[in-house]
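Written below as structure tokens is the structure these notes are about.
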Number of protein chains: 2
Amino acid sequence: MKIEKVAIIGLGLLGGSIGLAVKQHASEIVTTGFDHDASVRDTARERGLVDTVCNSAAEAVREADLVIFCVPMGALGDAACSISQSAQPHAVISDVGSAKQGVAEALAKALPNHTIIPAHPVAGTEQSGPDAGFANLFTNRWCILTPPADANEAAVKALSDFWRGLGARIEIMDPEHHDLVLAVTSHIPHLIAFTIVGTASDLEDVTRGEVIKYSAGGFRDFTRIAASDPVMWRDVFLSNKSAVLEMLGRFTEDLTALQRAIRSGDGEKLHDLFSRTRAIRRSIIEQGQDDERPDFGREDHL
Amino acid sequence: MKIEKVAIIGLGLLGGSIGLAVKQHASEIVTTGFDHDASVRDTARERGLVDTVCNSAAEAVREADLVIFCVPMGALGDAACSISQSAQPHAVISDVGSAKQGVAEALAKALPNHTIIPAHPVAGTEQSGPDAGFANLFTNRWCILTPPADANEAAVKALSDFWRGLGARIEIMDPEHHDLVLAVTSHIPHLIAFTIVGTASDLEDVTRGEVIKYSAGGFRDFTRIAASDPVMWRDVFLSNKSAVLEMLGRFTEDLTALQRAIRSGDGEKLHDLFSRTRAIRRSIIEQGQDDERPDFGREDHL
């Protein structure tokens, strides 16, 4: 089984980047695409995000071996229903959603006779929309596949090969574990960032102008994440509720312990934690998952 | 009053960067420096962080018009005592500490007869030590001066001119307000980052290897801040306890409200907050306080 034709439903940051990555890294594959927003389709045509921008999802998927939904998770069920009559019987159905348990259910309900292999490329930026995508978004990033236990092995291999072709590394995981891992590496960091940016915006005794002026003290890092797509992130928290609440509980416990250490002046406890956290950054850099330049290399650009 | 000779006590990231910035942007000023760590002094000599590296703080300050302490805040009192016999009577005494109320007291106690103008350049990276400094660290960053109410105006102007000469912008603030503003723009973001990185390191059901592999989902941003100097940050939290606890209380309230929204599936509340937080990032970029490239421009380097 080899993927020769791919339909991309949803042409924002992720969908557009997949299209551009195929063009640059796997140009033998033919791409079609659709977005429910006509202005997004216009931009997709101008930028050449896919070979053919279609005027319906049904039309886009008609000849595809692989259909990838790149829509907010809350829109996934409806999007999947819209192709149920026109997708080829052999087509593999996949997605890029950030939580995987709900996705598998929504896709299976809409397309009960298809091979469904949910996927999550752990990549993105704070920007969204059809202008935001670029061909190297997935280079050296991990793409996690969460096939059902009885999944067709050839389909899993074909989807893995497709993502490898775009530069990604592949991991197979069960959806429950995926959702727990991503709760801590992605969802809680975003929730915290949204929260502190909201807190800082609402203060009375510190003005918003002051928050902006002195943001180089650390706050500005959080504003990048908190500028991420609101609809996508609303759906992440609604879709991954239990793992997020579980991890949030652990974070809050740890924060309360630090709060107590500050209140009681326990410098040793603070120093102990602050010393431990350096090591994990070194590992992330060693494994090619972040930029080693100090301050993300900002001084070269500001 | 014009500053012609500057003594820098403590030659880590901040002290070293001041020395290099003087050399590059204000080369008419003569610099001396001292660090209590002999290996730091050796590196400072090799890198030429200051014109003359001295073997004691007393020797370094002997001819200085301006003495800047660049040591962790917990070490400030002792460092100031060590120059009380040798600093010139007219020398202005300043520092770079991240919390200002405690600093003013510690300096005034050690040097009761000197003009003390505490300062805080809101700039830094996650790296520390004498290898970490660079000449443009302060370019376009804010330096906040917190002079006492009865401060010598000529001294405040001289210190402002000095920092402007290194590329910084100047703001005058009272120390209480400074400590509140920085609690929200710097100290709480660091505390949260240290906490979540600690939480993620200690999980049993998600391995450290998984946390590292999938850190591109957002977590890696927090590890940069959480790689900051442990001694410096311990002292920040011990020095700015009341403002940090106050702001932490507000953050926790807001986080609890979001937790409730997630638990009850209140998508509208989540979407409302996530939409508001984008605006503040735009302002930060417009005011030159952060890099506008998506994902801090990482895709160019990874």
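Just so we're on the same page: first chain in the structure tokens is A, next is B, and so on; residues restart at 1 for each chain, and ligands are numbered from 1 in the order they show up.
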Report as CSV: every residue of segment 144-199 of chain B with an atom at most 9 Å from segment 205-223 of chain B, its closest pair of atoms, and their distance in Å to one decimal, counting only C-alpha atoms, with rows sorted by chain and ascending residue number.
residue,atom,partner,partner_atom,distance
B:Pro189,CA,B:Phe222,CA,8.9
B:His190,CA,B:Phe222,CA,8.4
B:Ile192,CA,B:Phe222,CA,8.4
B:Ala193,CA,B:Phe222,CA,5.0
B:Phe194,CA,B:Phe222,CA,7.7
B:Ile196,CA,B:Phe222,CA,7.8
B:Val197,CA,B:Thr223,CA,6.4
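Residues of segment 82-241 of chain B assigned to strand (DSSP E or B) by DSSP on this structure's backbone: Val92, Ile93, Ser94, Asp95, Thr115, Ile116, Ala119, His120, Pro121, Trp142, Cys143, Ile144, Leu145, Arg169, Ile170, Glu171 and Ile172 of chain B.
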Based on the selection just made, write C-alpha atoms of those residues as a PDB file, in the first residue's frame.
ATOM      1  CA  VAL B  92      27.393  56.702  43.143  1.00  0.00           C
ATOM      2  CA  ILE B  93      26.441  53.207  44.315  1.00  0.00           C
ATOM      3  CA  SER B  94      24.083  51.126  42.199  1.00  0.00           C
ATOM      4  CA  ASP B  95      23.169  47.531  41.405  1.00  0.00           C
ATOM      5  CA  THR B 115      24.583  58.297  47.205  1.00  0.00           C
ATOM      6  CA  ILE B 116      22.637  55.123  46.477  1.00  0.00           C
ATOM      7  CA  ALA B 119      18.671  50.109  39.263  1.00  0.00           C
ATOM      8  CA  HIS B 120      17.244  47.141  37.420  1.00  0.00           C
ATOM      9  CA  PRO B 121      17.966  46.576  33.736  1.00  0.00           C
ATOM     10  CA  TRP B 142      14.245  49.156  29.871  1.00  0.00           C
ATOM     11  CA  CYS B 143      16.411  50.027  32.847  1.00  0.00           C
ATOM     12  CA  ILE B 144      14.321  50.992  35.876  1.00  0.00           C
ATOM     13  CA  LEU B 145      15.910  53.315  38.436  1.00  0.00           C
ATOM     14  CA  ARG B 169      15.733  53.141  27.881  1.00  0.00           C
ATOM     15  CA  ILE B 170      15.202  54.689  31.312  1.00  0.00           C
ATOM     16  CA  GLU B 171      12.225  54.671  33.648  1.00  0.00           C
ATOM     17  CA  ILE B 172      12.075  56.044  37.190  1.00  0.00           C
TER      18      ILE B 172
END
Practice problem: Could you give me, as a list in words, the residues within 12 Å of Thr125 of chain B, counting only C-alpha atoms and dropping anything in the same chain fewer than 6 positions from it? | Solution: Ala216, Gly217, Gly218, Asp221, Glu292, Arg293, Pro294, Asp295, Phe296, Gly297, Arg298 and Glu299 of chain A; Gly12, Leu13, Leu14, Ser17, Ala132, Gly133, Phe134, Asn136, Leu137, Phe138, Arg224, Ile225, Ala226, Ala227, Ser228 and Asp229 of chain B
Dump C-alpha atoms for the selected residues as a PDB file, in the first residue's frame?
ATOM      1  CA  ALA A 216      11.410  41.029  28.669  1.00  0.00           C
ATOM      2  CA  GLY A 217      11.745  39.834  32.267  1.00  0.00           C
ATOM      3  CA  GLY A 218      10.114  36.528  31.261  1.00  0.00           C
ATOM      4  CA  ASP A 221       7.741  34.123  26.465  1.00  0.00           C
ATOM      5  CA  GLU A 292      20.464  26.238  22.041  1.00  0.00           C
ATOM      6  CA  ARG A 293      21.123  29.916  21.432  1.00  0.00           C
ATOM      7  CA  PRO A 294      20.583  31.970  24.603  1.00  0.00           C
ATOM      8  CA  ASP A 295      17.169  33.619  24.782  1.00  0.00           C
ATOM      9  CA  PHE A 296      16.109  31.692  21.623  1.00  0.00           C
ATOM     10  CA  GLY A 297      18.585  33.831  19.659  1.00  0.00           C
ATOM     11  CA  ARG A 298      16.481  36.935  20.157  1.00  0.00           C
ATOM     12  CA  GLU A 299      19.469  39.267  20.475  1.00  0.00           C
TER      13      GLU A 299
ATOM     14  CA  GLY B  12      28.664  37.090  35.564  1.00  0.00           C
ATOM     15  CA  LEU B  13      26.089  37.565  32.803  1.00  0.00           C
ATOM     16  CA  LEU B  14      25.055  41.051  33.931  1.00  0.00           C
ATOM     17  CA  SER B  17      27.589  42.439  29.712  1.00  0.00           C
ATOM     18  CA  ALA B 132      27.461  34.442  29.009  1.00  0.00           C
ATOM     19  CA  GLY B 133      27.638  38.227  28.683  1.00  0.00           C
ATOM     20  CA  PHE B 134      27.442  40.197  25.440  1.00  0.00           C
ATOM     21  CA  ASN B 136      24.050  44.283  23.213  1.00  0.00           C
ATOM     22  CA  LEU B 137      22.165  42.731  26.124  1.00  0.00           C
ATOM     23  CA  PHE B 138      20.709  46.123  27.071  1.00  0.00           C
ATOM     24  CA  ARG B 224      14.386  27.981  28.851  1.00  0.00           C
ATOM     25  CA  ILE B 225      13.254  30.166  31.728  1.00  0.00           C
ATOM     26  CA  ALA B 226      13.596  27.283  34.170  1.00  0.00           C
ATOM     27  CA  ALA B 227      17.250  26.962  33.188  1.00  0.00           C
ATOM     28  CA  SER B 228      18.006  30.355  34.743  1.00  0.00           C
ATOM     29  CA  ASP B 229      20.518  30.817  37.534  1.00  0.00           C
TER      30      ASP B 229
END
Self-check item: Spatial neighbours of segment 246-249 of chain A, max dist 9 Å, only C-alpha atoms, sep filter under 5 positions, as an MDAnalysis selection string
Solution: (chainID A and resid 180 183:184 188 241 254) or (chainID B and resid 199 259)
Atoms to include: N, CA and C atoms. Write the selected residues as an mmCIF file, in the first residue's frame.
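Dumped to result01.cif:
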data_model
loop_
_atom_site.group_PDB
_atom_site.id
_atom_site.type_symbol
_atom_site.label_atom_id
_atom_site.label_comp_id
_atom_site.auth_asym_id
_atom_site.auth_seq_id
_atom_site.Cartn_x
_atom_site.Cartn_y
_atom_site.Cartn_z
ATOM 1 N N LEU A 180 -2.294 11.781 28.050
ATOM 2 C CA LEU A 180 -1.641 12.113 29.323
ATOM 3 C C LEU A 180 -0.301 12.815 29.067
ATOM 4 N N ALA A 183 -0.887 16.256 27.740
ATOM 5 C CA ALA A 183 -1.416 17.155 28.775
ATOM 6 C C ALA A 183 -0.261 17.869 29.463
ATOM 7 N N VAL A 184 0.809 17.137 29.735
ATOM 8 C CA VAL A 184 1.917 17.770 30.473
ATOM 9 C C VAL A 184 2.880 18.523 29.552
ATOM 10 N N ILE A 188 -1.112 21.721 29.514
ATOM 11 C CA ILE A 188 -0.937 22.502 30.748
ATOM 12 C C ILE A 188 -0.042 23.723 30.506
ATOM 13 N N LYS A 241 -10.254 16.681 28.729
ATOM 14 C CA LYS A 241 -10.602 17.157 30.058
ATOM 15 C C LYS A 241 -9.945 16.372 31.193
ATOM 16 N N ASP A 254 2.323 21.220 43.403
ATOM 17 C CA ASP A 254 3.728 21.633 43.423
ATOM 18 C C ASP A 254 3.857 23.146 43.611
ATOM 19 N N THR B 199 7.310 19.597 37.973
ATOM 20 C CA THR B 199 6.181 18.660 37.940
ATOM 21 C C THR B 199 6.406 17.604 36.863
ATOM 22 N N GLN B 259 -9.967 26.081 35.544
ATOM 23 C CA GLN B 259 -10.125 24.668 35.884
ATOM 24 C C GLN B 259 -11.609 24.308 35.985
#
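The closest residue to chain B, picked from A:Thr185, A:Thr139, A:Ser264, A:Thr252 and counting only C-alpha atoms, is A:Thr185.
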Exercise. Taking the DSSP assignment computed from this structure's backbone, write out as a PyMOL selection string all residues of segment 182-235 of chain A that belong to helix (DSSP H, G or I).
Key: chain A and resi 182-201+208-213+215-217+219-225+230-235
Self-check item: All residues 8 Å or closer to Ala80 of chain B, only C-alpha atoms, same chain fewer than 2 positions away omitted, as an MDAnalysis selection string
Solution: chainID B and resid 69 76:78 82:84 107 110:111
Ser56 of chain B surroundings by only C-alpha atoms, 9 Å radius, close-in-sequence under 4 positions cut, as an mmCIF file with C-alpha atoms, in the first residue's frame:
data_model
loop_
_atom_site.group_PDB
_atom_site.id
_atom_site.type_symbol
_atom_site.label_atom_id
_atom_site.label_comp_id
_atom_site.auth_asym_id
_atom_site.auth_seq_id
_atom_site.Cartn_x
_atom_site.Cartn_y
_atom_site.Cartn_z
ATOM 1 C CA GLY B 33 35.982 44.763 37.935
ATOM 2 C CA PHE B 34 36.104 42.116 40.617
ATOM 3 C CA ASP B 35 34.514 38.741 41.237
ATOM 4 C CA HIS B 36 34.986 36.722 44.404
ATOM 5 C CA ALA B 60 38.355 47.747 42.035
ATOM 6 C CA VAL B 61 36.305 50.647 43.440
ATOM 7 C CA SER B 82 33.705 45.126 51.537
#
